[in-house]
Amino acid sequence: MFPPELDYVRARSLDEAIGVLASREDAVPIAGGQSLVPLLKLRAVSPGLLVDIRGLKGLGGVDVGGPIRIGALATHGDIEGHAELRARCPVMAEAASKIADVQVRSFGTVGGSLAHADPLADWPPVLMALDAEVHVHGPSGSRAIPMGDFVRGPYTTALERGELVTGIVVRDCPRGAAYLKYAYRHGDFAVVAVAAALRADGGHVSEARLAAIGVADRPLRLGQAEARLAGVPVSEDAFADAAEAAARSVSPPDDHRASSGYRRALLATLVKRALRAAAGR
Ligand SMILES: Cc1cc2nc3c(=O)[nH]c(=O)nc-3n(C[C@H](O)[C@H](O)[C@H](O)COP(=O)(O)OP(=O)(O)OC[C@H]3O[C@@H](n4cnc5c(N)ncnc54)[C@H](O)[C@@H]3O)c2cc1C
């Protein structure tokens, strides 16, 4: 199917993009087009105007000089292939490499992925585990939103009308972090995936952050599992205990891809393995 007829404008500046988006209710931004174009072709969405933001300077790139700053227009491929980022925060390259295929990774952007808020998108759980901030700019100025507050539901975010994601900031990426994704084929959307970030002090867990997709209608912090890990010795027993707590704390959906019970069991396995992998780093 072809998309319906619509207007198109290539924004020359961030302010111009925001001005147009704020002034027309039927306007939407387009970045890599990897989620939006299929929806247009299916006529699942029918905006009147596409505001192309791909050419905007200052919205791309990866900077690891201080806090890690990744522009909204950085593609999954840019993140996967950035050697300094891989050295500083390996879990980000690991996550990027698990998204779709080379073609999608070459065009799809991290900002587009966050704004689209597919419940099975890979970036939200990783960025929740890394305690990242999402930076946005709109008609009322700029603000930073904690990743944990950004996704409000399936395909729903904290973005206000006219606001664009401009980038993400990870202030302190622990080396002890891992992202494990279970999919039926490499590059498919996850059935269940888990991100874990672990810090230890004197052999005891000083901080644990866990997030998952595939066990609710949105990415989920696994707070009860995190609580089980607080201050305990880093050990297989502790990981197994956290995995059981994680499994008990969720009510996964039951659908054509997997039963609720299967998702719960997968979650427990992935939590244990993700914690083991994080501790090993
Ligand atoms: C075959 C296929 C497989 C895929 N598999 C996976 C997968 O395994 N894991 C995964 O995580 N993703 C997957 N994706 C989705 C992919 O990651 C997309 O790149 C991503 O979801 C959207 O990024 P984009 O730049 O293409 O956004 P677009 O398609 O251009 O836009 C998506 C939405 O975000 C809005 N938007 C775009 N940029 C911004 C911005 N800066 N600020 C505010 N709003 C914005 C648009 O208006 C639109 O509503 C897959 C996609 C395809 C086609």
# chains A, B, ... in the order shown; residues from 1 in each chain; ligands from 1
>>> residues_near_ligand(ligand="ligand 1", cutoff="8 Å", atoms="only C-alpha atoms and all ligand atoms", output="ChimeraX atom specification")
/A:28-38,53,72-73,75-76,98-101,104-105,107-118,120-123,136,159,163-167,187-190
>>> select_by_dssp(residues="region 204-238 of chain A", states="strand (DSSP E or B)", output="compact mmCIF listing (two decimals) with N, CA and C atoms, in the first residue's frame")
# COMPACT_ATOMS: atom_id res chain seq x y z
N HIS A 204 30.33 -6.99 47.81
CA HIS A 204 28.89 -6.87 48.07
C HIS A 204 28.27 -5.94 47.04
N VAL A 205 27.02 -6.20 46.71
CA VAL A 205 26.32 -5.36 45.74
C VAL A 205 26.08 -3.98 46.36
N SER A 206 26.58 -2.94 45.70
CA SER A 206 26.31 -1.58 46.21
C SER A 206 25.18 -0.93 45.41
N GLU A 207 24.99 -1.36 44.18
CA GLU A 207 23.87 -0.82 43.39
C GLU A 207 23.48 -1.85 42.33
N ALA A 208 22.21 -2.08 42.19
CA ALA A 208 21.73 -2.97 41.13
C ALA A 208 20.53 -2.32 40.47
N ARG A 209 20.56 -2.27 39.16
CA ARG A 209 19.41 -1.74 38.41
C ARG A 209 19.05 -2.76 37.35
N LEU A 210 17.79 -3.11 37.31
CA LEU A 210 17.31 -4.12 36.37
C LEU A 210 16.07 -3.59 35.65
N ALA A 211 15.99 -3.83 34.35
CA ALA A 211 14.80 -3.44 33.60
C ALA A 211 14.55 -4.49 32.52
N ALA A 212 13.28 -4.63 32.15
CA ALA A 212 12.91 -5.70 31.21
C ALA A 212 11.84 -5.22 30.24
N ILE A 213 11.80 -5.88 29.10
CA ILE A 213 10.67 -5.74 28.17
C ILE A 213 10.09 -7.13 27.91
N LEU A 220 9.83 -2.13 32.00
CA LEU A 220 9.54 -2.19 33.44
C LEU A 220 10.83 -2.24 34.23
N ARG A 221 10.97 -1.38 35.26
CA ARG A 221 12.04 -1.56 36.24
C ARG A 221 11.65 -2.72 37.14
N PRO A 233 26.18 -10.31 49.28
CA PRO A 233 27.40 -10.71 48.57
C PRO A 233 27.07 -11.04 47.10
>>> residues_around(residues="Lys41 (chain A)", least_positions_apart="3", cutoff="6 Å", atoms="only C-alpha atoms", output="list of chain:residue names")
A:Met1, A:Phe2, A:Pro3, A:Pro38
>>> closest_residue(among="A:Arg264, A:Arg24, A:Arg175, A:Arg248", to="Pro90 (chain A)", atoms="only C-alpha atoms")
A:Arg175
>>> closest_residue(among="A:Pro219, A:Pro146, A:Pro4, A:Pro174", to="Ala44 (chain A)", atoms="only C-alpha atoms")
A:Pro4
>>> closest_residue(among="A:Asp52, A:Gly261, A:Ala193, A:Ile18", to="Ala95 (chain A)", atoms="only C-alpha atoms")
A:Ala193
>>> atom_distance(atom1="CA of Arg12 (chain A)", atom2="CA of Arg54 (chain A)")
9.6 Å
>>> residues_around(residues="Gly65 (chain A)", least_positions_apart="2", cutoff="12 Å", atoms="only C-alpha atoms", output="MDAnalysis selection string")
chainID A and resid 62:63 67:70 84:85 88 169:172
>>> write_last_selection(atoms="N, CA, C and O atoms", output="tab-separated table (two decimals), in the first residue's frame")
chain	number	residue	atom	x	y	z
A	62	VAL	N	28.09	11.14	18.82
A	62	VAL	CA	28.30	10.48	20.11
A	62	VAL	C	29.50	11.18	20.75
A	62	VAL	O	30.53	11.33	20.11
A	63	ASP	N	29.34	11.62	22.00
A	63	ASP	CA	30.43	12.31	22.69
A	63	ASP	C	30.68	11.59	24.00
A	63	ASP	O	29.79	11.52	24.85
A	67	PRO	N	30.23	13.12	30.59
A	67	PRO	CA	29.09	12.21	30.56
A	67	PRO	C	28.89	11.76	29.10
A	67	PRO	O	29.20	12.51	28.18
A	68	ILE	N	28.35	10.58	28.92
A	68	ILE	CA	28.12	10.11	27.54
A	68	ILE	C	26.90	10.83	26.98
A	68	ILE	O	25.82	10.81	27.58
A	69	ARG	N	27.11	11.51	25.85
A	69	ARG	CA	26.01	12.24	25.19
A	69	ARG	C	25.81	11.67	23.80
A	69	ARG	O	26.75	11.62	23.01
A	70	ILE	N	24.60	11.25	23.53
A	70	ILE	CA	24.28	10.67	22.23
A	70	ILE	C	23.15	11.48	21.62
A	70	ILE	O	22.08	11.63	22.23
A	84	GLU	N	35.11	4.23	20.89
A	84	GLU	CA	35.32	4.79	22.24
A	84	GLU	C	34.11	4.52	23.14
A	84	GLU	O	34.26	4.26	24.33
A	85	LEU	N	32.93	4.59	22.54
A	85	LEU	CA	31.73	4.30	23.33
A	85	LEU	C	31.73	2.83	23.75
A	85	LEU	O	31.40	2.49	24.89
A	88	ARG	N	33.98	2.48	26.66
A	88	ARG	CA	33.50	3.15	27.88
A	88	ARG	C	32.21	2.53	28.41
A	88	ARG	O	32.00	2.45	29.62
A	169	VAL	N	21.61	11.30	27.72
A	169	VAL	CA	22.83	11.48	28.50
A	169	VAL	C	22.91	10.34	29.52
A	169	VAL	O	21.95	10.07	30.23
A	170	VAL	N	24.07	9.68	29.52
A	170	VAL	CA	24.35	8.66	30.54
A	170	VAL	C	25.51	9.22	31.36
A	170	VAL	O	26.61	9.38	30.86
A	171	ARG	N	25.23	9.56	32.61
A	171	ARG	CA	26.25	10.27	33.40
A	171	ARG	C	27.36	9.33	33.85
A	171	ARG	O	28.50	9.74	33.96
A	172	ASP	N	27.01	8.09	34.14
A	172	ASP	CA	28.02	7.21	34.71
A	172	ASP	C	27.69	5.77	34.33
A	172	ASP	O	26.88	5.13	34.99
>>> residues_around(residues="region 78-82 of chain A", least_positions_apart="3", cutoff="7 Å", atoms="only C-alpha atoms", output="ChimeraX atom specification")
/A:74-75,85-86,93,96-97
>>> write_last_selection(atoms="C-alpha atoms", output="short mmCIF file (atom, residue, chain, number, x, y, z; two decimals), in the first residue's frame")
data_model
loop_
_atom_site.label_atom_id
_atom_site.label_comp_id
_atom_site.auth_asym_id
_atom_site.auth_seq_id
_atom_site.Cartn_x
_atom_site.Cartn_y
_atom_site.Cartn_z
CA ALA A 74 22.60 8.93 16.06
CA THR A 75 21.64 5.68 14.40
CA LEU A 85 31.73 4.30 23.33
CA ARG A 86 32.16 0.54 23.13
CA ALA A 93 27.12 -1.33 21.68
CA ALA A 96 22.59 -1.69 19.44
CA SER A 97 23.94 -4.82 17.76
#
>>> closest_residue(among="A:Gly214, A:Gly141, A:Gly280, A:Pro47", to="Pro125 (chain A)", atoms="only C-alpha atoms")
A:Gly214
>>> closest_residue(among="A:Gly203, A:Pro119, A:Gly71, A:Gly61", to="Ser235 (chain A)", atoms="only C-alpha atoms")
A:Gly203
>>> residues_around(residues="Val151 (chain A)", least_positions_apart="3", cutoff="8 Å", atoms="only C-alpha atoms", output="list in words")
Leu114, Ala117, Pro124, Met147, Gly148, Pro154, Tyr155, Thr156, Thr157, Ala158, Arg218 and Pro219 of chain A
>>> write_last_selection(atoms="all heavy atoms", output="mmCIF file, in the first residue's frame")
data_model
loop_
_atom_site.group_PDB
_atom_site.id
_atom_site.type_symbol
_atom_site.label_atom_id
_atom_site.label_comp_id
_atom_site.auth_asym_id
_atom_site.auth_seq_id
_atom_site.Cartn_x
_atom_site.Cartn_y
_atom_site.Cartn_z
ATOM 1 N N LEU A 114 13.055 6.016 20.849
ATOM 2 C CA LEU A 114 12.481 6.427 22.143
ATOM 3 C C LEU A 114 11.119 7.084 21.947
ATOM 4 O O LEU A 114 10.166 6.805 22.678
ATOM 5 C CB LEU A 114 13.435 7.372 22.869
ATOM 6 C CG LEU A 114 14.753 6.747 23.328
ATOM 7 C CD1 LEU A 114 15.634 7.793 23.985
ATOM 8 C CD2 LEU A 114 14.510 5.584 24.283
ATOM 9 N N ALA A 117 8.359 4.571 21.135
ATOM 10 C CA ALA A 117 7.955 3.858 22.359
ATOM 11 C C ALA A 117 7.247 2.534 22.092
ATOM 12 O O ALA A 117 6.247 2.207 22.752
ATOM 13 C CB ALA A 117 7.117 4.760 23.264
ATOM 14 N N PRO A 124 14.831 1.400 25.620
ATOM 15 C CA PRO A 124 14.319 1.794 26.946
ATOM 16 C C PRO A 124 14.839 0.952 28.122
ATOM 17 O O PRO A 124 15.300 1.534 29.122
ATOM 18 C CB PRO A 124 12.799 1.726 26.775
ATOM 19 C CG PRO A 124 12.614 2.077 25.328
ATOM 20 C CD PRO A 124 13.749 1.383 24.620
ATOM 21 N N MET A 147 14.907 8.531 32.178
ATOM 22 C CA MET A 147 14.388 7.500 31.271
ATOM 23 C C MET A 147 13.223 6.745 31.898
ATOM 24 O O MET A 147 12.270 6.373 31.211
ATOM 25 C CB MET A 147 15.526 6.533 30.898
ATOM 26 C CG MET A 147 15.146 5.490 29.879
ATOM 27 S SD MET A 147 14.670 6.170 28.276
ATOM 28 C CE MET A 147 13.174 5.230 27.947
ATOM 29 N N GLY A 148 13.283 6.542 33.200
ATOM 30 C CA GLY A 148 12.221 5.805 33.875
ATOM 31 C C GLY A 148 10.868 6.506 33.815
ATOM 32 O O GLY A 148 9.829 5.875 34.008
ATOM 33 N N PRO A 154 2.233 1.945 26.045
ATOM 34 C CA PRO A 154 2.565 1.514 24.690
ATOM 35 C C PRO A 154 2.443 2.692 23.723
ATOM 36 O O PRO A 154 1.397 3.324 23.663
ATOM 37 C CB PRO A 154 1.532 0.432 24.375
ATOM 38 C CG PRO A 154 0.758 0.196 25.615
ATOM 39 C CD PRO A 154 1.059 1.274 26.596
ATOM 40 N N TYR A 155 3.515 2.983 23.018
ATOM 41 C CA TYR A 155 3.552 4.059 22.015
ATOM 42 C C TYR A 155 3.183 5.420 22.615
ATOM 43 O O TYR A 155 2.656 6.277 21.921
ATOM 44 C CB TYR A 155 2.627 3.722 20.822
ATOM 45 C CG TYR A 155 2.929 2.373 20.237
ATOM 46 C CD1 TYR A 155 2.119 1.272 20.516
ATOM 47 C CD2 TYR A 155 4.056 2.170 19.439
ATOM 48 C CE1 TYR A 155 2.420 0.009 20.018
ATOM 49 C CE2 TYR A 155 4.362 0.913 18.937
ATOM 50 C CZ TYR A 155 3.540 -0.159 19.237
ATOM 51 O OH TYR A 155 3.838 -1.400 18.745
ATOM 52 N N THR A 156 3.418 5.585 23.885
ATOM 53 C CA THR A 156 3.060 6.829 24.566
ATOM 54 C C THR A 156 4.238 7.289 25.425
ATOM 55 O O THR A 156 4.788 6.497 26.197
ATOM 56 C CB THR A 156 1.836 6.598 25.493
ATOM 57 O OG1 THR A 156 0.813 5.963 24.728
ATOM 58 C CG2 THR A 156 1.294 7.890 26.041
ATOM 59 N N THR A 157 4.591 8.574 25.272
ATOM 60 C CA THR A 157 5.743 9.087 26.015
ATOM 61 C C THR A 157 5.370 10.376 26.738
ATOM 62 O O THR A 157 4.264 10.894 26.592
ATOM 63 C CB THR A 157 6.911 9.418 25.063
ATOM 64 O OG1 THR A 157 6.533 10.546 24.267
ATOM 65 C CG2 THR A 157 7.264 8.250 24.165
ATOM 66 N N ALA A 158 6.362 10.900 27.456
ATOM 67 C CA ALA A 158 6.177 12.159 28.184
ATOM 68 C C ALA A 158 6.343 13.370 27.272
ATOM 69 O O ALA A 158 6.242 14.501 27.748
ATOM 70 C CB ALA A 158 7.193 12.229 29.326
ATOM 71 N N ARG A 218 4.782 -2.228 28.683
ATOM 72 C CA ARG A 218 5.792 -1.178 28.577
ATOM 73 C C ARG A 218 7.076 -1.683 29.240
ATOM 74 O O ARG A 218 7.028 -2.667 29.991
ATOM 75 C CB ARG A 218 5.296 0.093 29.281
ATOM 76 C CG ARG A 218 5.138 -0.078 30.774
ATOM 77 C CD ARG A 218 4.293 1.005 31.405
ATOM 78 N NE ARG A 218 2.885 0.831 31.021
ATOM 79 C CZ ARG A 218 1.908 1.666 31.348
ATOM 80 N NH1 ARG A 218 2.177 2.729 32.040
ATOM 81 N NH2 ARG A 218 0.661 1.434 30.979
ATOM 82 N N PRO A 219 8.192 -0.998 29.023
ATOM 83 C CA PRO A 219 9.415 -1.407 29.734
ATOM 84 C C PRO A 219 9.228 -1.227 31.235
ATOM 85 O O PRO A 219 8.572 -0.282 31.683
ATOM 86 C CB PRO A 219 10.480 -0.449 29.188
ATOM 87 C CG PRO A 219 9.743 0.673 28.565
ATOM 88 C CD PRO A 219 8.420 0.148 28.129
#
>>> select_by_dssp(residues="region 26-55 of chain A", states="alpha helix (DSSP H)", output="list in words")
Leu36, Val37, Pro38, Leu39, Leu40 and Lys41 of chain A
>>> write_last_selection(atoms="all heavy atoms", output="PDB file, in the first residue's frame")
ATOM      1  N   LEU A  36       8.086   4.833  11.214  1.00  0.00           N
ATOM      2  CA  LEU A  36       7.001   5.676  10.701  1.00  0.00           C
ATOM      3  C   LEU A  36       6.587   5.293   9.279  1.00  0.00           C
ATOM      4  O   LEU A  36       5.384   5.234   8.971  1.00  0.00           O
ATOM      5  CB  LEU A  36       7.431   7.153  10.755  1.00  0.00           C
ATOM      6  CG  LEU A  36       6.371   8.187  10.415  1.00  0.00           C
ATOM      7  CD1 LEU A  36       5.111   7.996  11.244  1.00  0.00           C
ATOM      8  CD2 LEU A  36       6.912   9.604  10.614  1.00  0.00           C
ATOM      9  N   VAL A  37       7.550   5.025   8.410  1.00  0.00           N
ATOM     10  CA  VAL A  37       7.188   4.744   7.011  1.00  0.00           C
ATOM     11  C   VAL A  37       6.319   3.483   6.890  1.00  0.00           C
ATOM     12  O   VAL A  37       5.289   3.511   6.201  1.00  0.00           O
ATOM     13  CB  VAL A  37       8.443   4.697   6.111  1.00  0.00           C
ATOM     14  CG1 VAL A  37       8.100   4.190   4.724  1.00  0.00           C
ATOM     15  CG2 VAL A  37       9.066   6.097   6.027  1.00  0.00           C
ATOM     16  N   PRO A  38       6.672   2.374   7.581  1.00  0.00           N
ATOM     17  CA  PRO A  38       5.756   1.230   7.515  1.00  0.00           C
ATOM     18  C   PRO A  38       4.344   1.571   8.008  1.00  0.00           C
ATOM     19  O   PRO A  38       3.353   1.118   7.420  1.00  0.00           O
ATOM     20  CB  PRO A  38       6.414   0.188   8.434  1.00  0.00           C
ATOM     21  CG  PRO A  38       7.859   0.563   8.459  1.00  0.00           C
ATOM     22  CD  PRO A  38       7.903   2.052   8.302  1.00  0.00           C
ATOM     23  N   LEU A  39       4.260   2.392   9.051  1.00  0.00           N
ATOM     24  CA  LEU A  39       2.929   2.767   9.560  1.00  0.00           C
ATOM     25  C   LEU A  39       2.166   3.618   8.549  1.00  0.00           C
ATOM     26  O   LEU A  39       0.949   3.480   8.391  1.00  0.00           O
ATOM     27  CB  LEU A  39       3.059   3.533  10.875  1.00  0.00           C
ATOM     28  CG  LEU A  39       3.525   2.718  12.081  1.00  0.00           C
ATOM     29  CD1 LEU A  39       3.717   3.622  13.297  1.00  0.00           C
ATOM     30  CD2 LEU A  39       2.515   1.620  12.407  1.00  0.00           C
ATOM     31  N   LEU A  40       2.913   4.500   7.841  1.00  0.00           N
ATOM     32  CA  LEU A  40       2.267   5.319   6.804  1.00  0.00           C
ATOM     33  C   LEU A  40       1.757   4.427   5.677  1.00  0.00           C
ATOM     34  O   LEU A  40       0.642   4.600   5.173  1.00  0.00           O
ATOM     35  CB  LEU A  40       3.268   6.326   6.232  1.00  0.00           C
ATOM     36  CG  LEU A  40       3.674   7.493   7.140  1.00  0.00           C
ATOM     37  CD1 LEU A  40       4.847   8.256   6.538  1.00  0.00           C
ATOM     38  CD2 LEU A  40       2.487   8.428   7.349  1.00  0.00           C
ATOM     39  N   LYS A  41       2.599   3.462   5.292  1.00  0.00           N
ATOM     40  CA  LYS A  41       2.196   2.577   4.185  1.00  0.00           C
ATOM     41  C   LYS A  41       0.993   1.731   4.547  1.00  0.00           C
ATOM     42  O   LYS A  41       0.154   1.426   3.706  1.00  0.00           O
ATOM     43  CB  LYS A  41       3.371   1.681   3.784  1.00  0.00           C
ATOM     44  CG  LYS A  41       4.453   2.434   3.037  1.00  0.00           C
ATOM     45  CD  LYS A  41       5.513   1.466   2.581  1.00  0.00           C
ATOM     46  CE  LYS A  41       6.492   2.133   1.636  1.00  0.00           C
ATOM     47  NZ  LYS A  41       7.596   1.226   1.299  1.00  0.00           N
TER      48      LYS A  41
END
>>> atom_distance(atom1="CA of Phe239 (chain A)", atom2="CA of Tyr262 (chain A)")
19.5 Å
>>> residues_around(residues="Ala11 (chain A)", least_positions_apart="5", cutoff="8 Å", atoms="only C-alpha atoms", output="count of residues only")
7
>>> decode(residues="region 95-106 of chain A", atoms="all heavy atoms", output="short mmCIF file (atom, residue, chain, number, x, y, z; two decimals), in the first residue's frame")
data_model
loop_
_atom_site.label_atom_id
_atom_site.label_comp_id
_atom_site.auth_asym_id
_atom_site.auth_seq_id
_atom_site.Cartn_x
_atom_site.Cartn_y
_atom_site.Cartn_z
N ALA A 95 23.69 -3.67 23.02
CA ALA A 95 22.25 -3.51 22.76
C ALA A 95 22.01 -3.11 21.32
O ALA A 95 21.12 -3.66 20.65
CB ALA A 95 21.67 -2.47 23.71
N ALA A 96 22.80 -2.16 20.82
CA ALA A 96 22.59 -1.69 19.44
C ALA A 96 22.72 -2.85 18.46
O ALA A 96 21.95 -2.96 17.50
CB ALA A 96 23.60 -0.60 19.10
N SER A 97 23.68 -3.72 18.70
CA SER A 97 23.94 -4.82 17.76
C SER A 97 22.79 -5.82 17.73
O SER A 97 22.69 -6.64 16.81
CB SER A 97 25.25 -5.53 18.12
OG SER A 97 25.05 -6.30 19.29
N LYS A 98 21.90 -5.76 18.74
CA LYS A 98 20.79 -6.72 18.79
C LYS A 98 19.51 -6.16 18.18
O LYS A 98 18.46 -6.80 18.21
CB LYS A 98 20.54 -7.15 20.25
CG LYS A 98 21.70 -7.99 20.77
CD LYS A 98 21.56 -8.36 22.22
CE LYS A 98 22.76 -9.22 22.63
NZ LYS A 98 22.82 -9.47 24.06
N ILE A 99 19.58 -4.93 17.66
CA ILE A 99 18.39 -4.34 17.05
C ILE A 99 18.32 -4.72 15.57
O ILE A 99 19.25 -4.43 14.81
CB ILE A 99 18.41 -2.80 17.18
CG1 ILE A 99 18.34 -2.40 18.65
CG2 ILE A 99 17.27 -2.16 16.39
CD1 ILE A 99 18.47 -0.90 18.91
N ALA A 100 17.26 -5.38 15.20
CA ALA A 100 16.93 -5.64 13.79
C ALA A 100 18.12 -6.12 12.97
O ALA A 100 18.87 -6.99 13.39
CB ALA A 100 16.29 -4.39 13.19
N ASP A 101 18.28 -5.52 11.78
CA ASP A 101 19.35 -5.92 10.86
C ASP A 101 20.16 -4.68 10.47
O ASP A 101 19.85 -3.57 10.87
CB ASP A 101 18.74 -6.58 9.62
CG ASP A 101 17.62 -5.74 9.03
OD1 ASP A 101 17.72 -4.49 9.07
OD2 ASP A 101 16.63 -6.30 8.53
N VAL A 102 21.17 -4.90 9.65
CA VAL A 102 22.09 -3.80 9.31
C VAL A 102 21.33 -2.63 8.67
O VAL A 102 21.60 -1.47 8.96
CB VAL A 102 23.21 -4.31 8.36
CG1 VAL A 102 24.03 -3.14 7.84
CG2 VAL A 102 24.09 -5.29 9.10
N GLN A 103 20.37 -2.95 7.82
CA GLN A 103 19.64 -1.88 7.13
C GLN A 103 18.89 -0.99 8.13
O GLN A 103 18.99 0.24 8.10
CB GLN A 103 18.66 -2.47 6.14
CG GLN A 103 17.89 -1.42 5.36
CD GLN A 103 16.88 -2.05 4.42
OE1 GLN A 103 17.16 -3.09 3.84
NE2 GLN A 103 15.74 -1.43 4.29
N VAL A 104 18.15 -1.63 9.02
CA VAL A 104 17.39 -0.85 10.02
C VAL A 104 18.35 -0.09 10.93
O VAL A 104 18.14 1.08 11.26
CB VAL A 104 16.46 -1.77 10.84
CG1 VAL A 104 15.82 -1.02 12.01
CG2 VAL A 104 15.38 -2.37 9.96
N ARG A 105 19.46 -0.74 11.30
CA ARG A 105 20.42 -0.08 12.20
C ARG A 105 21.10 1.11 11.52
O ARG A 105 21.56 2.03 12.17
CB ARG A 105 21.47 -1.07 12.70
CG ARG A 105 20.89 -2.15 13.60
CD ARG A 105 21.95 -2.78 14.48
NE ARG A 105 22.92 -3.59 13.77
CZ ARG A 105 22.75 -4.87 13.44
NH1 ARG A 105 21.64 -5.48 13.76
NH2 ARG A 105 23.70 -5.54 12.81
N SER A 106 21.18 1.07 10.19
CA SER A 106 21.84 2.17 9.46
C SER A 106 20.96 3.40 9.37
O SER A 106 21.47 4.50 9.18
CB SER A 106 22.20 1.72 8.04
OG SER A 106 23.06 0.62 8.11
#
